[in-house]
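S.K.: Sharing a structure here in structure tokens format.
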Amino acid sequence: MSLKNPVSRVDTTQETLLFLKRWLKHPLRLGAIAPSSPALTSLISRSISVKPENYIVELGAGTGTVTRRLLEYGIPSAQLYVVELDPELCAFLQKSLPNVHVIQGNATDLASLLPKEVIGKVSSVVSGMPMSTMPLNVQRKIIDACLEVMMPDGEIVQYSYHVTSPIPALKLGLSKKRIGTAFLNLPPASLWRYQKAA
Ligand SMILES: C[S@@+](CC[C@H](N)C(=O)[O-])C[C@H]1O[C@@H](n2cnc3c(N)ncnc32)[C@H](O)[C@@H]1O
């Protein structure tokens with residue numbers, strides 16, 4: 001998918017300061033110390049598309065750098081649901097992206113956070129959450145919640161600074177594939193695609 005819709009800019013200094021402030025409060029929960037770079041958000045957005053009858057879910061949107069890029073690359077806001085745990089980041093997302101469905105909550109509860117009409121019609125879940133630092137039982141809850149809301153051939157697209165897969169695919173019944181790496185991100189980040197194993 002190519003760049004289509006310009007999305008209103010946010011003050012990047014304000015965005016970075018907010019991210020840093022929340023990182024100081026919850027370093028493990030945020031994982032990264034700064035929002036994703038344009039190199040990474042472009043890689044993610046080029047890898048995602050949506051049919052008119054389906055939906056995209058973004059987990060752990062932070063200040064919305066990936067969200068804005070997905071919109072710019074043509075994902076309609078009506079088909080995009082964003083879930084963010086941090087109340088302050090969530091308030092920022094709701095204010096800066098008024099047309100997107102922004103939900104404050106835990107990704108483990110995804111199936112009960114989304115409206116009923118969306119369940120089973122999610123083609124891609126994009127995640128920026130620090131999955132690799134979460135205990136296996138929490139990872140399992142999140143993956144099970146994703147599988148519950150996704151179409152049978154839906155995908156989980158996860159970005160990570162790890163050299164190896166940030167999700168233990170085999171243990172969680174998933175197939176995995178590295179889609180690409182954004183070398184211009186600091187540190188370089190890889191993008192992974194997970195699907196329910198056959
Ligand atoms: C590395 S930041 C990603 C920020 C943004 N997507 C970006 O690329 O700039 C990870 C985000 O995941 C959120 N998060 C962590 N655990 C979560 C959970 N269980 N449910 C929802 N969001 C979560 C954090 O609050 C944080 O905003």
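By convention in this document, the chains of the structure tokens carry letters A, B, ... by their order, each chain's residues are numbered from 1, and ligands are numbered from 1 in the order they are shown.
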Residues contacting ligand 1 - anything with an atom at most 9 Å away, using only C-alpha atoms and all ligand atoms - can you give me those as a ChimeraX atom specification?

M.R.: /A:19,22-23,26,28-37,40-41,58-67,83-87,89-90,104-110,126-131,134,138,142,159-160

S.K.: Set the distance at 9 Å and use only C-alpha atoms: which residues neighbour Ser42 in chain A once local chain neighbours fewer than 4 positions away are removed? I'd like the list as a ChimeraX atom specification.

M.R.: /A:3,37-38,46-47,66,69-70,73,182

S.K.: Which residue, A:Leu18, A:Leu186, A:Val122, A:Leu97, has the smallest gap to Asn54 in chain A when you use only C-alpha atoms?

M.R.: A:Val122

S.K.: Could you pull out the residues in range 34-117 of chain A that DSSP calls strand (DSSP E or B) from the backbone, as a compact mmCIF listing (two decimals) with N, CA and C atoms, in the first residue's frame?

M.R.:
```
# COMPACT_ATOMS: atom_id res chain seq x y z
N TYR A 55 -11.44 -5.40 9.54
CA TYR A 55 -10.94 -4.39 10.48
C TYR A 55 -9.47 -4.65 10.80
N ILE A 56 -8.81 -3.57 11.22
CA ILE A 56 -7.43 -3.65 11.73
C ILE A 56 -7.48 -3.24 13.20
N VAL A 57 -6.73 -3.96 14.03
CA VAL A 57 -6.62 -3.59 15.45
C VAL A 57 -5.16 -3.28 15.72
N GLU A 58 -4.90 -2.17 16.42
CA GLU A 58 -3.53 -1.86 16.85
C GLU A 58 -3.46 -1.96 18.37
N LEU A 59 -2.54 -2.75 18.86
CA LEU A 59 -2.36 -2.92 20.31
C LEU A 59 -1.12 -2.17 20.77
N LEU A 80 -10.37 1.00 11.84
CA LEU A 80 -9.19 0.89 12.69
C LEU A 80 -9.57 1.04 14.17
N TYR A 81 -9.25 0.01 14.97
CA TYR A 81 -9.48 0.03 16.42
C TYR A 81 -8.14 0.01 17.13
N VAL A 82 -7.96 0.95 18.07
CA VAL A 82 -6.69 1.09 18.77
C VAL A 82 -6.90 0.81 20.26
N VAL A 83 -6.06 -0.05 20.82
CA VAL A 83 -6.15 -0.37 22.25
C VAL A 83 -4.85 0.04 22.93
N GLU A 84 -4.96 0.85 23.98
CA GLU A 84 -3.77 1.33 24.70
C GLU A 84 -4.06 1.25 26.20
N HIS A 101 -11.24 4.80 16.48
CA HIS A 101 -11.80 4.18 17.68
C HIS A 101 -10.64 3.89 18.64
N VAL A 102 -10.51 4.69 19.69
CA VAL A 102 -9.43 4.48 20.66
C VAL A 102 -10.05 3.93 21.95
N ILE A 103 -9.53 2.80 22.41
CA ILE A 103 -10.08 2.13 23.59
C ILE A 103 -8.99 2.00 24.64
N GLN A 104 -9.30 2.45 25.87
CA GLN A 104 -8.33 2.24 26.94
C GLN A 104 -8.58 0.88 27.57
```

S.K.: Enumerate, as a PDB file with N, CA and C atoms, in the first residue's frame, the complete set of residues in chain A that a backbone-based DSSP assignment places in alpha helix (DSSP H).

M.R.:
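What follows is the written file states.pdb:
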```
ATOM      1  N   THR A  12       5.834  17.073  17.535  1.00  0.00           N
ATOM      2  CA  THR A  12       6.695  15.918  17.818  1.00  0.00           C
ATOM      3  C   THR A  12       7.469  16.078  19.134  1.00  0.00           C
ATOM      4  N   THR A  13       7.775  17.332  19.516  1.00  0.00           N
ATOM      5  CA  THR A  13       8.472  17.529  20.796  1.00  0.00           C
ATOM      6  C   THR A  13       7.541  17.132  21.942  1.00  0.00           C
ATOM      7  N   GLN A  14       6.301  17.598  21.850  1.00  0.00           N
ATOM      8  CA  GLN A  14       5.308  17.276  22.885  1.00  0.00           C
ATOM      9  C   GLN A  14       5.094  15.750  22.939  1.00  0.00           C
ATOM     10  N   GLU A  15       5.041  15.139  21.750  1.00  0.00           N
ATOM     11  CA  GLU A  15       4.821  13.695  21.658  1.00  0.00           C
ATOM     12  C   GLU A  15       5.984  12.927  22.316  1.00  0.00           C
ATOM     13  N   THR A  16       7.216  13.332  21.975  1.00  0.00           N
ATOM     14  CA  THR A  16       8.391  12.639  22.512  1.00  0.00           C
ATOM     15  C   THR A  16       8.490  12.818  24.028  1.00  0.00           C
ATOM     16  N   LEU A  17       8.174  14.034  24.508  1.00  0.00           N
ATOM     17  CA  LEU A  17       8.246  14.293  25.956  1.00  0.00           C
ATOM     18  C   LEU A  17       7.207  13.463  26.711  1.00  0.00           C
ATOM     19  N   LEU A  18       6.013  13.348  26.128  1.00  0.00           N
ATOM     20  CA  LEU A  18       4.963  12.543  26.772  1.00  0.00           C
ATOM     21  C   LEU A  18       5.395  11.077  26.829  1.00  0.00           C
ATOM     22  N   PHE A  19       5.952  10.594  25.721  1.00  0.00           N
ATOM     23  CA  PHE A  19       6.405   9.195  25.658  1.00  0.00           C
ATOM     24  C   PHE A  19       7.463   8.941  26.734  1.00  0.00           C
ATOM     25  N   LEU A  20       8.420   9.867  26.811  1.00  0.00           N
ATOM     26  CA  LEU A  20       9.515   9.733  27.786  1.00  0.00           C
ATOM     27  C   LEU A  20       8.981   9.757  29.221  1.00  0.00           C
ATOM     28  N   LYS A  21       8.018  10.665  29.456  1.00  0.00           N
ATOM     29  CA  LYS A  21       7.410  10.777  30.789  1.00  0.00           C
ATOM     30  C   LYS A  21       6.750   9.447  31.183  1.00  0.00           C
ATOM     31  N   ARG A  22       6.015   8.844  30.252  1.00  0.00           N
ATOM     32  CA  ARG A  22       5.333   7.581  30.563  1.00  0.00           C
ATOM     33  C   ARG A  22       6.350   6.441  30.677  1.00  0.00           C
ATOM     34  N   TRP A  23       7.453   6.534  29.902  1.00  0.00           N
ATOM     35  CA  TRP A  23       8.506   5.511  29.999  1.00  0.00           C
ATOM     36  C   TRP A  23       9.153   5.563  31.379  1.00  0.00           C
ATOM     37  N   LEU A  24       9.374   6.787  31.905  1.00  0.00           N
ATOM     38  CA  LEU A  24       9.981   6.926  33.235  1.00  0.00           C
ATOM     39  C   LEU A  24       9.074   6.305  34.290  1.00  0.00           C
ATOM     40  N   LYS A  25       7.756   6.381  34.063  1.00  0.00           N
ATOM     41  CA  LYS A  25       6.795   5.830  35.036  1.00  0.00           C
ATOM     42  C   LYS A  25       6.681   4.305  34.884  1.00  0.00           C
ATOM     43  N   PRO A  27       8.752   1.815  32.635  1.00  0.00           N
ATOM     44  CA  PRO A  27       9.732   1.458  31.594  1.00  0.00           C
ATOM     45  C   PRO A  27       9.483   0.098  30.949  1.00  0.00           C
ATOM     46  N   LEU A  28       9.109  -0.901  31.735  1.00  0.00           N
ATOM     47  CA  LEU A  28       8.929  -2.238  31.155  1.00  0.00           C
ATOM     48  C   LEU A  28       7.703  -2.297  30.261  1.00  0.00           C
ATOM     49  N   ARG A  29       6.655  -1.582  30.681  1.00  0.00           N
ATOM     50  CA  ARG A  29       5.407  -1.606  29.911  1.00  0.00           C
ATOM     51  C   ARG A  29       5.567  -0.900  28.573  1.00  0.00           C
ATOM     52  N   LEU A  30       6.374   0.163  28.538  1.00  0.00           N
ATOM     53  CA  LEU A  30       6.553   0.886  27.275  1.00  0.00           C
ATOM     54  C   LEU A  30       7.585   0.206  26.376  1.00  0.00           C
ATOM     55  N   PRO A  38      10.035   6.934  11.258  1.00  0.00           N
ATOM     56  CA  PRO A  38       9.326   6.835   9.972  1.00  0.00           C
ATOM     57  C   PRO A  38       9.712   5.574   9.191  1.00  0.00           C
ATOM     58  N   ALA A  39      10.980   5.129   9.320  1.00  0.00           N
ATOM     59  CA  ALA A  39      11.408   3.918   8.588  1.00  0.00           C
ATOM     60  C   ALA A  39      10.591   2.710   9.043  1.00  0.00           C
ATOM     61  N   LEU A  40      10.379   2.603  10.345  1.00  0.00           N
ATOM     62  CA  LEU A  40       9.629   1.456  10.861  1.00  0.00           C
ATOM     63  C   LEU A  40       8.130   1.588  10.571  1.00  0.00           C
ATOM     64  N   THR A  41       7.579   2.789  10.784  1.00  0.00           N
ATOM     65  CA  THR A  41       6.126   2.941  10.560  1.00  0.00           C
ATOM     66  C   THR A  41       5.782   2.730   9.079  1.00  0.00           C
ATOM     67  N   SER A  42       6.712   3.103   8.182  1.00  0.00           N
ATOM     68  CA  SER A  42       6.463   2.865   6.744  1.00  0.00           C
ATOM     69  C   SER A  42       6.495   1.375   6.444  1.00  0.00           C
ATOM     70  N   LEU A  43       7.475   0.675   7.017  1.00  0.00           N
ATOM     71  CA  LEU A  43       7.569  -0.776   6.791  1.00  0.00           C
ATOM     72  C   LEU A  43       6.277  -1.459   7.254  1.00  0.00           C
ATOM     73  N   ILE A  44       5.790  -1.062   8.427  1.00  0.00           N
ATOM     74  CA  ILE A  44       4.556  -1.664   8.955  1.00  0.00           C
ATOM     75  C   ILE A  44       3.391  -1.365   8.002  1.00  0.00           C
ATOM     76  N   SER A  45       3.242  -0.094   7.650  1.00  0.00           N
ATOM     77  CA  SER A  45       2.070   0.314   6.860  1.00  0.00           C
ATOM     78  C   SER A  45       2.079  -0.298   5.461  1.00  0.00           C
ATOM     79  N   ARG A  46       3.268  -0.469   4.879  1.00  0.00           N
ATOM     80  CA  ARG A  46       3.350  -1.095   3.546  1.00  0.00           C
ATOM     81  C   ARG A  46       2.967  -2.572   3.610  1.00  0.00           C
ATOM     82  N   THR A  65       2.194   7.007  16.576  1.00  0.00           N
ATOM     83  CA  THR A  65       3.040   7.170  15.372  1.00  0.00           C
ATOM     84  C   THR A  65       2.678   6.130  14.300  1.00  0.00           C
ATOM     85  N   VAL A  66       2.429   4.895  14.740  1.00  0.00           N
ATOM     86  CA  VAL A  66       2.053   3.851  13.768  1.00  0.00           C
ATOM     87  C   VAL A  66       0.629   4.107  13.276  1.00  0.00           C
ATOM     88  N   THR A  67      -0.251   4.482  14.189  1.00  0.00           N
ATOM     89  CA  THR A  67      -1.659   4.746  13.841  1.00  0.00           C
ATOM     90  C   THR A  67      -1.751   5.792  12.723  1.00  0.00           C
ATOM     91  N   ARG A  68      -1.029   6.893  12.906  1.00  0.00           N
ATOM     92  CA  ARG A  68      -1.095   7.971  11.908  1.00  0.00           C
ATOM     93  C   ARG A  68      -0.574   7.486  10.557  1.00  0.00           C
ATOM     94  N   ARG A  69       0.470   6.677  10.590  1.00  0.00           N
ATOM     95  CA  ARG A  69       1.049   6.172   9.346  1.00  0.00           C
ATOM     96  C   ARG A  69       0.073   5.213   8.641  1.00  0.00           C
ATOM     97  N   LEU A  70      -0.605   4.377   9.428  1.00  0.00           N
ATOM     98  CA  LEU A  70      -1.580   3.457   8.825  1.00  0.00           C
ATOM     99  C   LEU A  70      -2.675   4.257   8.113  1.00  0.00           C
ATOM    100  N   LEU A  71      -3.123   5.346   8.741  1.00  0.00           N
ATOM    101  CA  LEU A  71      -4.153   6.200   8.134  1.00  0.00           C
ATOM    102  C   LEU A  71      -3.610   6.837   6.853  1.00  0.00           C
ATOM    103  N   GLU A  72      -2.353   7.312   6.921  1.00  0.00           N
ATOM    104  CA  GLU A  72      -1.735   7.952   5.743  1.00  0.00           C
ATOM    105  C   GLU A  72      -1.625   6.974   4.584  1.00  0.00           C
ATOM    106  N   PRO A  87      -3.487   5.279  30.570  1.00  0.00           N
ATOM    107  CA  PRO A  87      -4.565   6.270  30.462  1.00  0.00           C
ATOM    108  C   PRO A  87      -4.109   7.602  29.873  1.00  0.00           C
ATOM    109  N   GLU A  88      -2.882   8.026  30.213  1.00  0.00           N
ATOM    110  CA  GLU A  88      -2.427   9.325  29.708  1.00  0.00           C
ATOM    111  C   GLU A  88      -2.153   9.274  28.198  1.00  0.00           C
ATOM    112  N   LEU A  89      -1.540   8.168  27.766  1.00  0.00           N
ATOM    113  CA  LEU A  89      -1.303   7.996  26.321  1.00  0.00           C
ATOM    114  C   LEU A  89      -2.635   7.860  25.595  1.00  0.00           C
ATOM    115  N   CYS A  90      -3.563   7.193  26.227  1.00  0.00           N
ATOM    116  CA  CYS A  90      -4.869   6.987  25.625  1.00  0.00           C
ATOM    117  C   CYS A  90      -5.594   8.332  25.420  1.00  0.00           C
ATOM    118  N   ALA A  91      -5.511   9.197  26.421  1.00  0.00           N
ATOM    119  CA  ALA A  91      -6.144  10.519  26.315  1.00  0.00           C
ATOM    120  C   ALA A  91      -5.507  11.313  25.169  1.00  0.00           C
ATOM    121  N   PHE A  92      -4.179  11.189  25.021  1.00  0.00           N
ATOM    122  CA  PHE A  92      -3.463  11.875  23.928  1.00  0.00           C
ATOM    123  C   PHE A  92      -3.962  11.349  22.567  1.00  0.00           C
ATOM    124  N   LEU A  93      -4.109  10.022  22.478  1.00  0.00           N
ATOM    125  CA  LEU A  93      -4.575   9.412  21.219  1.00  0.00           C
ATOM    126  C   LEU A  93      -5.995   9.888  20.884  1.00  0.00           C
ATOM    127  N   GLN A  94      -6.859   9.910  21.897  1.00  0.00           N
ATOM    128  CA  GLN A  94      -8.256  10.305  21.658  1.00  0.00           C
ATOM    129  C   GLN A  94      -8.332  11.749  21.190  1.00  0.00           C
ATOM    130  N   LYS A  95      -7.450  12.598  21.744  1.00  0.00           N
ATOM    131  CA  LYS A  95      -7.469  14.020  21.373  1.00  0.00           C
ATOM    132  C   LYS A  95      -6.855  14.240  19.983  1.00  0.00           C
ATOM    133  N   SER A  96      -5.741  13.544  19.713  1.00  0.00           N
ATOM    134  CA  SER A  96      -5.021  13.810  18.454  1.00  0.00           C
ATOM    135  C   SER A  96      -5.591  13.020  17.271  1.00  0.00           C
ATOM    136  N   LEU A 110      -8.944  -8.135  24.916  1.00  0.00           N
ATOM    137  CA  LEU A 110      -9.320  -7.618  23.601  1.00  0.00           C
ATOM    138  C   LEU A 110     -10.735  -8.012  23.172  1.00  0.00           C
ATOM    139  N   ALA A 111     -11.105  -9.281  23.371  1.00  0.00           N
ATOM    140  CA  ALA A 111     -12.407  -9.755  22.875  1.00  0.00           C
ATOM    141  C   ALA A 111     -13.567  -9.013  23.549  1.00  0.00           C
ATOM    142  N   SER A 112     -13.391  -8.604  24.807  1.00  0.00           N
ATOM    143  CA  SER A 112     -14.497  -7.892  25.464  1.00  0.00           C
ATOM    144  C   SER A 112     -14.404  -6.374  25.248  1.00  0.00           C
ATOM    145  N   LEU A 113     -13.273  -5.901  24.724  1.00  0.00           N
ATOM    146  CA  LEU A 113     -13.128  -4.454  24.489  1.00  0.00           C
ATOM    147  C   LEU A 113     -13.716  -4.038  23.136  1.00  0.00           C
ATOM    148  N   LEU A 136       5.076 -15.823  29.985  1.00  0.00           N
ATOM    149  CA  LEU A 136       4.433 -16.663  28.962  1.00  0.00           C
ATOM    150  C   LEU A 136       2.905 -16.699  29.129  1.00  0.00           C
ATOM    151  N   ASN A 137       2.415 -16.735  30.378  1.00  0.00           N
ATOM    152  CA  ASN A 137       0.954 -16.824  30.553  1.00  0.00           C
ATOM    153  C   ASN A 137       0.246 -15.550  30.066  1.00  0.00           C
ATOM    154  N   VAL A 138       0.913 -14.391  30.186  1.00  0.00           N
ATOM    155  CA  VAL A 138       0.318 -13.142  29.683  1.00  0.00           C
ATOM    156  C   VAL A 138       0.372 -13.135  28.144  1.00  0.00           C
ATOM    157  N   GLN A 139       1.514 -13.565  27.610  1.00  0.00           N
ATOM    158  CA  GLN A 139       1.618 -13.662  26.139  1.00  0.00           C
ATOM    159  C   GLN A 139       0.496 -14.555  25.596  1.00  0.00           C
ATOM    160  N   ARG A 140       0.288 -15.689  26.295  1.00  0.00           N
ATOM    161  CA  ARG A 140      -0.729 -16.642  25.827  1.00  0.00           C
ATOM    162  C   ARG A 140      -2.124 -15.994  25.852  1.00  0.00           C
ATOM    163  N   LYS A 141      -2.415 -15.238  26.938  1.00  0.00           N
ATOM    164  CA  LYS A 141      -3.728 -14.576  27.039  1.00  0.00           C
ATOM    165  C   LYS A 141      -3.924 -13.604  25.876  1.00  0.00           C
ATOM    166  N   ILE A 142      -2.857 -12.852  25.569  1.00  0.00           N
ATOM    167  CA  ILE A 142      -2.962 -11.857  24.490  1.00  0.00           C
ATOM    168  C   ILE A 142      -3.151 -12.554  23.135  1.00  0.00           C
ATOM    169  N   ILE A 143      -2.350 -13.584  22.890  1.00  0.00           N
ATOM    170  CA  ILE A 143      -2.458 -14.280  21.596  1.00  0.00           C
ATOM    171  C   ILE A 143      -3.825 -14.951  21.471  1.00  0.00           C
ATOM    172  N   ASP A 144      -4.308 -15.586  22.544  1.00  0.00           N
ATOM    173  CA  ASP A 144      -5.628 -16.219  22.494  1.00  0.00           C
ATOM    174  C   ASP A 144      -6.721 -15.175  22.223  1.00  0.00           C
ATOM    175  N   ALA A 145      -6.581 -14.001  22.856  1.00  0.00           N
ATOM    176  CA  ALA A 145      -7.567 -12.934  22.635  1.00  0.00           C
ATOM    177  C   ALA A 145      -7.518 -12.471  21.171  1.00  0.00           C
ATOM    178  N   CYS A 146      -6.310 -12.386  20.611  1.00  0.00           N
ATOM    179  CA  CYS A 146      -6.181 -11.980  19.196  1.00  0.00           C
ATOM    180  C   CYS A 146      -6.844 -13.028  18.289  1.00  0.00           C
ATOM    181  N   LEU A 147      -6.552 -14.301  18.569  1.00  0.00           N
ATOM    182  CA  LEU A 147      -7.114 -15.370  17.718  1.00  0.00           C
ATOM    183  C   LEU A 147      -8.641 -15.376  17.801  1.00  0.00           C
ATOM    184  N   GLU A 148      -9.162 -14.991  18.965  1.00  0.00           N
ATOM    185  CA  GLU A 148     -10.623 -14.976  19.138  1.00  0.00           C
ATOM    186  C   GLU A 148     -11.287 -13.900  18.269  1.00  0.00           C
ATOM    187  N   VAL A 149     -10.608 -12.775  18.061  1.00  0.00           N
ATOM    188  CA  VAL A 149     -11.248 -11.686  17.300  1.00  0.00           C
ATOM    189  C   VAL A 149     -10.884 -11.707  15.811  1.00  0.00           C
TER     190      VAL A 149
END
```

S.K.: So which residues touch Arg178 in chain A within 9 Å, counting only C-alpha atoms, skipping near sequence neighbours fewer than 3 positions away, as a PyMOL selection string?

M.R.: chain A and resi 165+181+190-194

S.K.: Taking only C-alpha atoms into account, name the residue in A:Val118, A:Ala189, A:Val7, A:Val125 that is nearest to Ser77 in chain A.

M.R.: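 Once distances to Ser77 in chain A are computed over only C-alpha atoms, the minimum belongs to A:Val7.
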
S.K.: Check the smallest atom-to-atom distance from each of A:Asp11, A:Ala198, A:Tyr161, A:Leu170 to Asn185 in chain A using only C-alpha atoms, then report the winner.

M.R.: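 Once distances to Asn185 in chain A are computed over only C-alpha atoms, the minimum belongs to A:Tyr161.
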